[in-house]
$ cat data05.tsv   # TSV, C-alpha atoms
chain	number	residue	atom	x	y	z
R	1	MET	CA	30.87	3.94	88.86
R	2	LYS	CA	28.97	2.58	85.85
R	3	HIS	CA	25.53	1.01	86.20
R	4	ILE	CA	23.75	-1.79	84.36
R	5	VAL	CA	20.19	-3.04	84.87
R	6	ILE	CA	19.24	-6.50	83.59
R	7	LEU	CA	15.48	-6.88	83.51
R	8	GLY	CA	13.69	-10.19	82.93
R	9	ASP	CA	10.21	-9.07	81.92
R	10	GLY	CA	7.48	-10.86	83.87
R	11	MET	CA	10.07	-13.23	85.36
R	12	ALA	CA	8.56	-13.24	88.87
R	13	ASP	CA	5.67	-15.60	89.61
R	14	LEU	CA	3.44	-17.09	92.29
R	15	PRO	CA	3.84	-20.50	93.99
R	16	VAL	CA	2.96	-23.32	91.57
R	17	GLU	CA	1.49	-26.58	92.85
R	18	ARG	CA	3.19	-28.56	90.06
R	19	LEU	CA	6.54	-27.31	91.41
R	20	GLY	CA	5.82	-28.39	94.96
R	21	GLY	CA	4.53	-24.97	95.93
R	22	LYS	CA	7.67	-23.18	94.73
R	23	THR	CA	7.79	-20.18	92.42
R	24	LEU	CA	9.63	-20.54	89.12
R	25	LEU	CA	12.55	-18.47	90.42
R	26	GLN	CA	12.82	-20.81	93.41
R	27	TYR	CA	12.66	-23.90	91.18
R	28	ALA	CA	14.80	-22.87	88.20
R	29	ALA	CA	18.53	-23.61	87.94
R	30	LYS	CA	19.99	-20.10	88.06
R	31	PRO	CA	23.40	-20.30	89.77
R	32	MET	CA	24.53	-16.90	88.51
R	33	MET	CA	21.59	-14.99	89.95
R	34	ASP	CA	21.93	-16.90	93.21
R	35	GLN	CA	25.63	-16.08	93.39
R	36	LEU	CA	24.95	-12.39	92.80
R	37	ALA	CA	22.27	-12.43	95.49
R	38	LYS	CA	24.66	-14.11	97.91
R	39	GLU	CA	27.49	-11.68	97.14
R	40	GLY	CA	25.25	-8.61	96.88
R	41	ARG	CA	22.24	-7.14	98.60
R	42	CYS	CA	18.57	-7.79	97.93
R	43	GLY	CA	15.12	-6.42	98.50
R	44	ARG	CA	11.70	-6.08	96.97
R	45	LEU	CA	10.24	-3.29	94.87
R	46	ILE	CA	6.75	-1.97	94.27
R	47	THR	CA	6.83	-1.11	90.56
R	48	VAL	CA	3.18	-0.15	89.96
R	49	PRO	CA	1.72	3.00	91.56
R	50	GLU	CA	-1.76	2.83	93.01
R	51	GLY	CA	-4.39	3.38	90.35
R	52	PHE	CA	-2.17	2.32	87.42
R	53	PRO	CA	-2.37	-0.91	85.40
R	54	PRO	CA	0.40	-3.45	86.10
R	55	GLY	CA	1.83	-3.20	82.60
R	56	SER	CA	5.40	-3.08	81.38
R	57	GLU	CA	4.99	0.53	80.27
R	58	VAL	CA	4.19	1.53	83.85
R	59	ALA	CA	6.65	-0.72	85.69
R	60	ASN	CA	9.70	-0.08	83.50
R	61	THR	CA	9.13	3.67	83.59
R	62	ALA	CA	8.90	3.55	87.38
R	63	ILE	CA	12.03	1.39	87.65
R	64	LEU	CA	13.93	4.05	85.68
R	65	GLY	CA	12.94	6.59	88.31
R	66	TYR	CA	10.06	8.46	86.71
R	67	ASP	CA	6.93	9.69	88.48
R	68	LEU	CA	4.09	8.07	86.52
R	69	ASN	CA	1.66	10.76	87.66
R	70	LYS	CA	3.75	13.28	85.72
R	71	VAL	CA	4.84	11.38	82.60
R	72	TYR	CA	2.43	8.50	81.91
R	73	GLU	CA	0.69	8.59	78.52
R	74	GLY	CA	0.26	4.88	77.80
R	75	ARG	CA	2.12	2.46	75.56
R	76	GLY	CA	1.15	3.95	72.24
R	77	PRO	CA	3.33	7.09	72.39
R	78	LEU	CA	6.31	5.10	73.69
R	79	GLU	CA	6.09	2.62	70.85
R	80	ALA	CA	5.67	5.49	68.37
R	81	ALA	CA	9.00	6.89	69.56
R	82	SER	CA	10.67	3.52	69.11
R	83	ILE	CA	9.32	3.03	65.60
R	84	GLY	CA	10.49	6.53	64.70
R	85	TYR	CA	7.05	8.05	64.23
R	86	GLU	CA	7.11	11.69	65.32
R	87	MET	CA	3.78	12.41	66.95
R	88	ALA	CA	1.96	15.67	66.26
R	89	ASP	CA	0.28	17.46	69.15
R	90	ASP	CA	-3.16	16.26	68.05
R	91	ASP	CA	-2.16	12.61	67.54
R	92	LEU	CA	-3.60	9.87	69.72
R	93	ALA	CA	-1.25	6.89	69.48
R	94	LEU	CA	-2.44	3.45	70.59
R	95	ARG	CA	-0.69	0.12	70.83
R	96	CYS	CA	-2.43	-2.09	68.26
R	97	ASN	CA	-2.14	-5.86	68.69
R	98	ILE	CA	-3.11	-8.26	65.95
R	99	ILE	CA	-4.82	-11.03	67.90
R	100	ASN	CA	-6.61	-14.33	67.45
R	101	LEU	CA	-10.34	-14.68	68.14
R	102	GLN	CA	-12.29	-17.93	68.13
R	103	ASP	CA	-15.90	-18.60	69.07
R	104	GLY	CA	-16.36	-15.06	70.33
R	105	LYS	CA	-13.35	-15.18	72.67
R	106	ILE	CA	-9.82	-13.79	72.77
R	107	ILE	CA	-7.65	-16.87	72.37
R	108	THR	CA	-4.23	-15.25	72.12
R	109	HIS	CA	-2.97	-11.67	72.30
R	110	ASN	CA	-0.21	-12.34	69.75
R	111	GLY	CA	-2.01	-13.54	66.63
R	112	GLY	CA	-0.48	-16.99	66.93
R	113	ASN	CA	3.13	-15.72	67.35
R	114	LEU	CA	2.88	-13.55	64.26
R	115	GLU	CA	6.19	-12.80	62.52
R	116	THR	CA	7.05	-9.20	61.62
R	117	GLU	CA	7.35	-9.94	57.89
R	118	ASP	CA	3.83	-11.38	57.79
R	119	ALA	CA	2.47	-8.63	60.03
R	120	ARG	CA	3.78	-5.97	57.65
R	121	LEU	CA	1.64	-7.47	54.88
R	122	LEU	CA	-1.41	-7.38	57.13
R	123	ILE	CA	-0.76	-3.78	58.26
R	124	ASP	CA	-0.36	-2.62	54.63
R	125	TYR	CA	-3.59	-4.45	53.82
R	126	LEU	CA	-5.41	-2.72	56.70
R	127	ASN	CA	-4.18	0.70	55.62
R	128	GLU	CA	-5.52	0.09	52.13
R	129	THR	CA	-8.82	-1.65	52.92
R	130	LEU	CA	-9.71	-0.20	56.34
R	131	ALA	CA	-7.95	3.12	57.00
R	132	LYS	CA	-8.19	4.49	53.45
R	133	PRO	CA	-12.02	4.32	53.14
R	134	ILE	CA	-12.44	6.01	56.53
R	135	ASN	CA	-9.95	8.74	55.61
R	136	GLU	CA	-11.74	9.34	52.33
R	137	ARG	CA	-15.06	9.52	54.15
R	138	GLN	CA	-13.74	12.07	56.65
R	139	GLY	CA	-11.74	14.06	54.10
R	140	CYS	CA	-8.42	13.80	55.98
R	141	GLU	CA	-5.85	11.27	57.10
R	142	ARG	CA	-7.69	10.44	60.30
R	143	VAL	CA	-6.51	6.84	60.72
R	144	LYS	CA	-3.08	5.32	60.15
R	145	PHE	CA	-1.67	1.87	60.95
R	146	ILE	CA	2.11	1.62	61.40
R	147	THR	CA	4.07	-1.64	61.44
R	148	GLY	CA	5.94	-2.47	64.63
R	149	ILE	CA	7.38	-5.83	65.66
R	150	GLN	CA	5.63	-9.22	65.44
R	151	TYR	CA	2.08	-8.69	66.78
R	152	ARG	CA	2.82	-5.26	68.34
R	153	HIS	CA	1.85	-2.35	66.09
R	154	LEU	CA	0.73	1.26	66.23
R	155	LEU	CA	-2.60	2.91	65.46
R	156	VAL	CA	-2.68	6.71	65.18
R	157	ILE	CA	-5.97	8.60	65.36
R	158	LYS	CA	-5.66	12.24	64.33
R	159	GLY	CA	-7.64	14.34	66.81
R	160	GLY	CA	-8.45	11.34	68.99
R	161	ASN	CA	-9.45	11.72	72.62
R	162	LYS	CA	-7.41	9.68	75.11
R	163	HIS	CA	-10.15	9.50	77.76
R	164	ILE	CA	-11.27	6.01	76.84
R	165	THR	CA	-11.13	2.58	78.46
R	166	CYS	CA	-9.40	-0.10	76.42
R	167	ALA	CA	-8.80	-3.65	77.62
R	168	PRO	CA	-5.24	-5.02	77.25
R	169	PRO	CA	-5.78	-8.28	75.33
R	170	HIS	CA	-3.12	-10.18	77.28
R	171	ASP	CA	-5.18	-9.60	80.45
R	172	HIS	CA	-8.26	-11.33	79.03
R	173	PRO	CA	-7.33	-14.74	77.57
R	174	ASN	CA	-10.31	-16.98	76.83
R	175	GLU	CA	-12.77	-14.18	77.65
R	176	GLU	CA	-15.64	-12.89	75.49
R	177	TRP	CA	-14.34	-9.98	73.43
R	178	ARG	CA	-17.53	-8.00	72.87
R	179	PRO	CA	-17.88	-6.76	76.48
R	180	LEU	CA	-14.26	-5.57	76.19
R	181	LEU	CA	-14.85	-3.14	73.33
R	182	VAL	CA	-13.66	0.45	73.80
R	183	LYS	CA	-15.70	2.67	76.11
R	184	ALA	CA	-15.67	6.46	76.47
R	185	ASP	CA	-14.80	7.81	79.92
R	186	ILE	CA	-16.21	11.25	79.12
R	187	PRO	CA	-18.80	12.40	76.55
R	188	GLU	CA	-16.13	14.15	74.47
R	189	ALA	CA	-14.42	10.79	73.88
R	190	GLN	CA	-17.50	8.99	72.55
R	191	GLU	CA	-16.63	9.64	68.89
R	192	THR	CA	-13.12	8.21	69.40
R	193	ALA	CA	-14.49	5.11	71.13
R	194	GLU	CA	-17.00	4.54	68.32
R	195	LEU	CA	-14.30	4.95	65.67
R	196	LEU	CA	-12.00	2.45	67.38
R	197	ASN	CA	-14.81	-0.09	67.73
R	198	GLU	CA	-15.64	0.36	64.06
R	199	LEU	CA	-12.02	-0.40	63.21
R	200	ILE	CA	-12.03	-3.53	65.40
R	201	LEU	CA	-15.24	-4.89	63.90
R	202	LYS	CA	-14.29	-4.19	60.30
R	203	SER	CA	-10.84	-5.70	60.81
R	204	GLN	CA	-12.60	-8.94	61.75
R	205	GLU	CA	-14.33	-8.92	58.38
R	206	LEU	CA	-11.21	-8.06	56.40
R	207	LEU	CA	-8.34	-9.97	57.97
R	208	PRO	CA	-9.73	-13.49	57.40
R	209	LYS	CA	-9.86	-12.67	53.66
R	210	HIS	CA	-6.12	-12.00	53.46
R	211	PRO	CA	-4.07	-14.83	51.83
R	212	TYR	CA	-1.93	-15.17	54.97
R	213	ASN	CA	-4.94	-16.03	57.11
R	214	GLN	CA	-6.55	-18.14	54.42
R	215	ALA	CA	-3.39	-20.27	54.35
R	216	LYS	CA	-3.47	-20.50	58.15
R	217	ALA	CA	-7.13	-21.57	58.06
R	218	ALA	CA	-6.39	-24.24	55.48
R	219	LYS	CA	-3.80	-25.74	57.85
R	220	GLY	CA	-6.10	-25.53	60.85
R	221	GLU	CA	-3.76	-22.99	62.52
R	222	ARG	CA	-4.63	-19.87	64.48
R	223	GLN	CA	-5.31	-16.83	62.35
R	224	ALA	CA	-4.31	-13.23	63.02
R	225	ASN	CA	-7.95	-12.23	62.57
R	226	SER	CA	-8.58	-9.04	64.54
R	227	ILE	CA	-6.87	-5.83	65.59
R	228	TRP	CA	-7.06	-4.79	69.23
R	229	PRO	CA	-6.08	-1.18	70.06
R	230	TRP	CA	-5.31	-0.19	73.66
R	231	SER	CA	-3.17	2.01	75.96
R	232	GLY	CA	-3.45	5.21	73.97
R	233	GLY	CA	-2.05	8.61	74.80
R	234	TYR	CA	-0.46	11.82	73.61
R	235	ARG	CA	3.21	12.70	73.25
R	236	PRO	CA	4.77	12.49	76.76
R	237	SER	CA	7.00	15.08	78.38
R	238	MET	CA	9.93	13.41	80.14
R	239	GLU	CA	13.29	14.59	81.39
R	240	THR	CA	16.24	12.45	80.29
R	241	LEU	CA	18.11	10.31	82.79
R	242	MET	CA	21.08	12.61	82.24
R	243	GLN	CA	19.01	15.54	83.47
R	244	GLN	CA	17.87	13.58	86.53
R	245	TYR	CA	21.21	11.97	87.39
R	246	PRO	CA	24.27	14.11	86.54
R	247	GLU	CA	26.56	11.11	87.00
R	248	ILE	CA	25.02	9.59	83.86
R	249	LYS	CA	26.72	11.20	80.86
R	250	SER	CA	25.48	8.68	78.29
R	251	GLY	CA	23.41	5.52	78.24
R	252	THR	CA	22.08	2.66	76.14
R	253	VAL	CA	18.90	0.57	76.05
R	254	ILE	CA	18.97	-2.96	74.59
R	255	SER	CA	15.58	-4.55	73.89
R	256	ALA	CA	13.61	-6.26	71.15
R	257	VAL	CA	10.40	-4.57	72.32
R	258	ASP	CA	9.20	-1.26	70.87
R	259	LEU	CA	7.71	-0.19	74.18
R	260	ILE	CA	11.04	-0.41	76.02
R	261	ARG	CA	12.90	1.28	73.19
R	262	GLY	CA	10.36	4.10	73.35
R	263	ILE	CA	10.91	4.59	77.08
R	264	GLY	CA	14.64	4.59	76.38
R	265	HIS	CA	14.20	7.19	73.64
R	266	TYR	CA	12.44	9.63	75.93
R	267	ALA	CA	14.95	8.84	78.71
R	268	GLY	CA	17.75	9.96	76.41
R	269	LEU	CA	19.27	6.50	75.92
R	270	LYS	CA	20.75	5.24	72.67
R	271	ILE	CA	18.78	2.35	71.18
R	272	VAL	CA	20.90	-0.65	70.21
R	273	GLU	CA	19.36	-3.27	67.94
R	274	VAL	CA	20.69	-6.80	68.23
R	275	GLU	CA	20.43	-9.18	65.29
R	276	GLY	CA	18.28	-12.15	66.22
R	277	ALA	CA	16.61	-10.42	69.17
R	278	THR	CA	13.00	-11.57	68.93
R	279	GLY	CA	11.29	-10.86	72.26
R	280	LEU	CA	10.66	-14.60	72.60
R	281	ALA	CA	12.48	-17.57	74.11
R	282	ASP	CA	14.52	-17.97	70.92
R	283	THR	CA	16.01	-14.49	71.28
R	284	ASN	CA	19.74	-13.92	70.83
R	285	TYR	CA	20.84	-13.88	74.47
R	286	GLU	CA	24.51	-13.97	73.55
R	287	GLY	CA	24.11	-11.07	71.15
R	288	LYS	CA	22.37	-8.99	73.81
R	289	ALA	CA	25.11	-9.82	76.31
R	290	GLN	CA	27.81	-8.75	73.85
R	291	ALA	CA	25.93	-5.53	73.06
R	292	ALA	CA	25.75	-4.77	76.79
R	293	ILE	CA	29.46	-5.48	77.24
R	294	GLU	CA	30.31	-3.13	74.39
R	295	ALA	CA	27.99	-0.45	75.77
R	296	LEU	CA	29.68	-0.64	79.18
R	297	GLU	CA	32.95	0.31	77.52
R	298	HIS	CA	31.70	3.77	76.55
R	299	ASP	CA	28.45	4.44	78.47
R	300	ASP	CA	27.70	5.12	82.12
R	301	PHE	CA	24.28	3.46	82.16
R	302	VAL	CA	23.01	0.35	80.35
R	303	PHE	CA	19.46	-1.05	80.47
R	304	VAL	CA	19.10	-4.60	79.14
R	305	HIS	CA	15.53	-5.83	78.75
R	306	VAL	CA	14.57	-9.43	77.91
R	307	GLU	CA	10.91	-10.12	77.08
R	308	ALA	CA	10.96	-13.92	76.85
R	309	SER	CA	9.68	-14.81	80.35
R	310	ASP	CA	6.69	-12.51	79.98
R	311	GLU	CA	5.62	-14.10	76.70
R	312	ALA	CA	5.96	-17.60	78.18
R	313	GLY	CA	3.88	-16.50	81.17
R	314	HIS	CA	1.13	-15.12	78.94
R	315	ASP	CA	1.10	-18.42	77.04
R	316	GLY	CA	0.81	-20.34	80.33
R	317	ASP	CA	3.88	-22.39	79.35
R	318	LEU	CA	5.53	-23.49	82.60
R	319	GLU	CA	8.42	-25.41	81.05
R	320	LEU	CA	9.23	-22.64	78.61
R	321	LYS	CA	9.18	-19.96	81.30
R	322	LEU	CA	11.61	-22.01	83.40
R	323	LYS	CA	13.90	-22.24	80.37
R	324	THR	CA	13.78	-18.48	79.80
R	325	ILE	CA	14.91	-17.88	83.38
R	326	GLU	CA	17.76	-20.35	82.98
R	327	TYR	CA	18.74	-18.89	79.60
R	328	LEU	CA	18.82	-15.40	81.09
R	329	ASP	CA	21.02	-16.63	83.92
R	330	GLN	CA	23.63	-18.48	81.88
R	331	ARG	CA	23.54	-16.93	78.43
R	332	LEU	CA	23.20	-13.26	79.36
R	333	ILE	CA	23.90	-12.48	83.02
R	334	LYS	CA	26.92	-14.79	83.34
R	335	PRO	CA	29.00	-13.36	80.43
R	336	ILE	CA	28.19	-9.80	81.51
R	337	TYR	CA	29.26	-10.57	85.08
R	338	GLU	CA	32.47	-12.24	83.91
R	339	HIS	CA	33.33	-9.20	81.80
R	340	ILE	CA	32.63	-6.79	84.65
R	341	LEU	CA	35.14	-8.69	86.81
R	342	LYS	CA	37.84	-7.86	84.24
R	343	MET	CA	36.99	-4.16	83.96
R	344	ASN	CA	39.21	-1.54	85.57
R	345	GLU	CA	36.27	0.77	86.27
R	346	PRO	CA	33.74	-0.31	88.96
R	347	VAL	CA	30.32	-1.40	87.71
R	348	CYS	CA	27.12	-1.78	89.72
R	349	LEU	CA	24.74	-4.45	88.42
R	350	ALA	CA	21.05	-4.94	89.21
R	351	VAL	CA	18.76	-7.84	88.28
R	352	LEU	CA	14.98	-7.70	88.57
R	353	PRO	CA	11.67	-8.23	86.75
R	354	ASP	CA	9.19	-5.44	86.12
R	355	HIS	CA	6.10	-7.32	87.34
R	356	LEU	CA	4.75	-10.83	87.83
R	357	THR	CA	3.33	-12.77	84.88
R	358	PRO	CA	2.14	-15.95	86.61
R	359	VAL	CA	1.92	-18.95	84.28
R	360	GLU	CA	-1.27	-20.15	85.93
R	361	MET	CA	-3.00	-16.77	85.53
R	362	ARG	CA	-1.44	-15.63	82.19
R	363	ILE	CA	-1.82	-11.95	83.09
R	364	HIS	CA	0.28	-9.23	84.71
R	365	VAL	CA	0.11	-8.98	88.49
R	366	GLY	CA	1.24	-5.84	90.31
R	367	GLN	CA	2.77	-7.40	93.42
R	368	PRO	CA	6.26	-6.41	94.65
R	369	VAL	CA	9.14	-7.94	92.68
R	370	PRO	CA	12.48	-9.23	94.01
R	371	PHE	CA	15.67	-7.38	93.09
R	372	LEU	CA	19.38	-7.72	93.69
R	373	ILE	CA	22.17	-5.14	93.51
R	374	TRP	CA	25.83	-6.19	93.27
R	375	HIS	CA	29.20	-4.56	92.78
R	376	LYS	CA	32.73	-5.46	93.76
R	377	GLY	CA	33.22	-4.89	97.45
R	378	ILE	CA	29.56	-4.42	98.39
R	379	ALA	CA	28.76	-5.59	101.92
R	380	PRO	CA	26.41	-8.56	101.41
R	381	ASP	CA	23.26	-9.19	103.41
R	382	GLU	CA	21.94	-12.56	104.60
R	383	VAL	CA	20.09	-13.54	101.39
R	384	GLN	CA	21.54	-16.71	99.86
R	385	GLN	CA	19.52	-17.04	96.67
R	386	TYR	CA	17.48	-14.89	94.35
R	387	ASP	CA	13.72	-15.41	94.41
R	388	GLU	CA	10.48	-13.86	95.58
R	389	VAL	CA	10.64	-15.45	99.04
R	390	SER	CA	14.33	-15.08	99.87
R	391	CYS	CA	14.43	-11.40	98.93
R	392	VAL	CA	11.82	-10.59	101.58
R	393	SER	CA	14.64	-10.69	104.15
R	394	GLY	CA	16.99	-8.56	102.02
R	395	SER	CA	18.61	-5.52	103.59
R	396	PHE	CA	16.90	-3.07	101.23
R	397	GLY	CA	13.51	-4.11	102.55
R	398	LEU	CA	10.53	-2.98	100.49
R	399	LEU	CA	11.26	-0.04	98.18
R	400	LYS	CA	8.65	1.91	96.23
R	401	LEU	CA	8.81	3.10	92.64
R	402	GLN	CA	11.50	5.79	92.18
R	403	GLU	CA	13.30	4.65	95.32
R	404	PHE	CA	14.94	1.83	93.36
R	405	MET	CA	16.73	4.13	90.93
R	406	GLN	CA	17.68	6.54	93.71
R	407	THR	CA	19.17	3.63	95.67
R	408	PHE	CA	20.86	2.07	92.63
R	409	MET	CA	22.52	5.30	91.51
R	410	ASN	CA	23.78	6.09	95.03
R	411	ILE	CA	24.81	2.61	96.11
R	412	ASP	CA	28.51	3.55	96.36
R	413	LYS	CA	27.61	6.23	98.90
R	414	MET	CA	25.79	3.83	101.22
$ encode --input "data05.tsv" --output "structure tokens"
Amino acid sequence: MKHIVILGDGMADLPVERLGGKTLLQYAAKPMMDQLAKEGRCGRLITVPEGFPPGSEVANTAILGYDLNKVYEGRGPLEAASIGYEMADDDLALRCNIINLQDGKIITHNGGNLETEDARLLIDYLNETLAKPINERQGCERVKFITGIQYRHLLVIKGGNKHITCAPPHDHPNEEWRPLLVKADIPEAQETAELLNELILKSQELLPKHPYNQAKAAKGERQANSIWPWSGGYRPSMETLMQQYPEIKSGTVISAVDLIRGIGHYAGLKIVEVEGATGLADTNYEGKAQAAIEALEHDDFVFVHVEASDEAGHDGDLELKLKTIEYLDQRLIKPIYEHILKMNEPVCLAVLPDHLTPVEMRIHVGQPVPFLIWHKGIAPDEVQQYDEVSCVSGSFGLLKLQEFMQTFMNIDKM
């Protein structure tokens, strides 16, 4: 049996008064997900271990069956793997957002929906005007910025200490940024914390001078006027999914997000890039669906990740988040399901989010998420639609962390 996971990042939510007290999954028109829930079996999943932040790097790694206490090193190393940067043993890699600050507050974590082509200009500018002087001062290549996708980039500190506290910018919209500067957790990390704060402060002097931001300012638009490094770590040590699950001979990950590609890289999955995949609501759903269909023809395991709902949640855009759920249902899940029905080989399909990104909070929340598992001939439970409330009565009950993957991979034996 082949297996495919379709993950709507941040798709789950809390009850919204404007929707009559319903969650977005309860309110949205999503006939395909509801059909799969009715024909399949459902449950809820704890995706964030105690003591870990409710981020996508944690939740997606747990969903794929990994013990975070053994493999977690933060987002930075995962995104380094996706970009193709081979980390040295003494590299500290951090996710580096380019964000928008106004009046001393973090306004948006994404630099005003920064495009990759513009971001590349800003990253090159930072390497020349910010990293280069520091490297010359220290007599080595201590600091390096590496372009990622849109507002998501990489900062590498040679010889950096990972024992620091960094605030994820998407968790602090409209908050004062100065109290959120990097702090050392141990004395040995003080130099790293001071260096990172120096980079943040100097970036705020330099970025507004770049022609891109000057043009934005002239139009009265949000500028990409500060870097914000966070979630740093060293090169992780992870077994591949093939080593953990012998029934998986080969697999593919499909995502527009560096973080997810990095997890896939360390999990031993092939990374498939889809033209027009943006990580936003305008992503190429049809292209991702076709890539998944093609992957199912030759791989045993396919992981399809769609970021759009999470971004809409962080922006607090209720209408847009509803649309992303409906797009996922009809433009991605439906064609994949219809293809699976025609396949000679049995396929098991799962749909779930990694965490909640409530539109009225605009941050990640680590509550249990609803999931469904379907394959031809599965004995259905009593759940009639897919949402946070209905799945409480699902036959899988409440699973924790690695239990999802163990259940998913052994569903034909149950």
$ residues_around --input "data05.tsv" --residues "segment 219-227 of chain R" --least-positions-apart "2" --cutoff "6 Å" --atoms "all atoms listed in the file" --output "count of residues only"
14
$ atom_distance --input "data05.tsv" --atom1 "atom CA of Gly104 of chain R" --atom2 "atom CA of Glu175 of chain R"
8.2 Å
$ atom_distance --input "data05.tsv" --atom1 "atom CA of Leu201 of chain R" --atom2 "atom CA of Asp310 of chain R"
28.2 Å
$ residues_around --input "data05.tsv" --residues "Ser255 of chain R" --least-positions-apart "5" --cutoff "8 Å" --atoms "only C-alpha atoms" --output "short mmCIF file (atom, residue, chain, number, x, y, z; two decimals) with C-alpha atoms, keeping the file's coordinate frame"
data_model
loop_
_atom_site.label_atom_id
_atom_site.label_comp_id
_atom_site.auth_asym_id
_atom_site.auth_seq_id
_atom_site.Cartn_x
_atom_site.Cartn_y
_atom_site.Cartn_z
CA ILE R 260 11.04 -0.41 76.02
CA ARG R 261 12.90 1.28 73.19
CA VAL R 272 20.90 -0.65 70.21
CA GLU R 273 19.36 -3.27 67.94
CA VAL R 274 20.69 -6.80 68.23
CA ALA R 277 16.61 -10.42 69.17
CA GLY R 279 11.29 -10.86 72.26
CA VAL R 304 19.10 -4.60 79.14
CA HIS R 305 15.53 -5.83 78.75
CA VAL R 306 14.57 -9.43 77.91
CA GLU R 307 10.91 -10.12 77.08
#
$ residues_around --input "data05.tsv" --residues "Asp300 of chain R" --least-positions-apart "2" --cutoff "6 Å" --atoms "all atoms listed in the file" --output "PyMOL selection string"
chain R and resi 2+248+250-251
$ residues_around --input "data05.tsv" --residues "segment 129-135 of chain R" --least-positions-apart "5" --cutoff "12 Å" --atoms "all atoms listed in the file" --output "count of residues only"
29
$ closest_residue --input "data05.tsv" --among "R:Asn344, R:Ser390, R:Gln243, R:Ser309" --to "His364 of chain R" --atoms "all atoms listed in the file"
R:Ser309
$ atom_distance --input "data05.tsv" --atom1 "atom CA of Ile293 of chain R" --atom2 "atom CA of Ala350 of chain R"
14.6 Å
$ decode --input "data05.tsv" --residues "segment 209-251 of chain R" --atoms "C-alpha atoms" --output "PDB file, in the first residue's frame"
ATOM      1  CA  LYS R 209      18.583  53.128   2.540  1.00  0.00           C
ATOM      2  CA  HIS R 210      18.186  50.443  -0.133  1.00  0.00           C
ATOM      3  CA  PRO R 211      16.385  51.619  -3.333  1.00  0.00           C
ATOM      4  CA  TYR R 212      13.731  48.913  -2.903  1.00  0.00           C
ATOM      5  CA  ASN R 213      12.665  50.288   0.464  1.00  0.00           C
ATOM      6  CA  GLN R 214      13.017  53.893  -0.617  1.00  0.00           C
ATOM      7  CA  ALA R 215      10.558  53.175  -3.440  1.00  0.00           C
ATOM      8  CA  LYS R 216       8.216  51.495  -0.952  1.00  0.00           C
ATOM      9  CA  ALA R 217       8.440  54.498   1.382  1.00  0.00           C
ATOM     10  CA  ALA R 218       7.664  56.887  -1.460  1.00  0.00           C
ATOM     11  CA  LYS R 219       4.444  54.959  -2.129  1.00  0.00           C
ATOM     12  CA  GLY R 220       3.501  54.815   1.537  1.00  0.00           C
ATOM     13  CA  GLU R 221       3.860  51.005   1.530  1.00  0.00           C
ATOM     14  CA  ARG R 222       5.368  48.741   4.165  1.00  0.00           C
ATOM     15  CA  GLN R 223       9.129  48.420   3.965  1.00  0.00           C
ATOM     16  CA  ALA R 224      11.250  45.315   4.520  1.00  0.00           C
ATOM     17  CA  ASN R 225      13.266  47.259   7.077  1.00  0.00           C
ATOM     18  CA  SER R 226      14.767  44.796   9.563  1.00  0.00           C
ATOM     19  CA  ILE R 227      16.169  41.292   9.759  1.00  0.00           C
ATOM     20  CA  TRP R 228      14.930  38.997  12.514  1.00  0.00           C
ATOM     21  CA  PRO R 229      16.968  35.822  13.186  1.00  0.00           C
ATOM     22  CA  TRP R 230      15.446  32.979  15.210  1.00  0.00           C
ATOM     23  CA  SER R 231      15.233  29.178  15.680  1.00  0.00           C
ATOM     24  CA  GLY R 232      18.922  28.434  15.326  1.00  0.00           C
ATOM     25  CA  GLY R 233      20.686  25.114  15.647  1.00  0.00           C
ATOM     26  CA  TYR R 234      23.411  22.784  14.466  1.00  0.00           C
ATOM     27  CA  ARG R 235      23.292  20.104  11.789  1.00  0.00           C
ATOM     28  CA  PRO R 236      20.683  17.506  12.911  1.00  0.00           C
ATOM     29  CA  SER R 237      21.141  13.755  12.958  1.00  0.00           C
ATOM     30  CA  MET R 238      18.036  12.011  11.601  1.00  0.00           C
ATOM     31  CA  GLU R 239      17.313   8.553  10.265  1.00  0.00           C
ATOM     32  CA  THR R 240      15.493   8.488   6.933  1.00  0.00           C
ATOM     33  CA  LEU R 241      11.890   7.334   6.715  1.00  0.00           C
ATOM     34  CA  MET R 242      13.171   4.350   4.745  1.00  0.00           C
ATOM     35  CA  GLN R 243      15.284   3.328   7.726  1.00  0.00           C
ATOM     36  CA  GLN R 244      12.327   3.702  10.087  1.00  0.00           C
ATOM     37  CA  TYR R 245       9.679   2.115   7.866  1.00  0.00           C
ATOM     38  CA  PRO R 246      10.982  -0.688   5.605  1.00  0.00           C
ATOM     39  CA  GLU R 247       7.773  -0.593   3.558  1.00  0.00           C
ATOM     40  CA  ILE R 248       8.835   2.837   2.259  1.00  0.00           C
ATOM     41  CA  LYS R 249      11.336   2.277  -0.549  1.00  0.00           C
ATOM     42  CA  SER R 250      11.210   5.826  -1.915  1.00  0.00           C
ATOM     43  CA  GLY R 251       9.365   9.046  -1.187  1.00  0.00           C
TER      44      GLY R 251
END
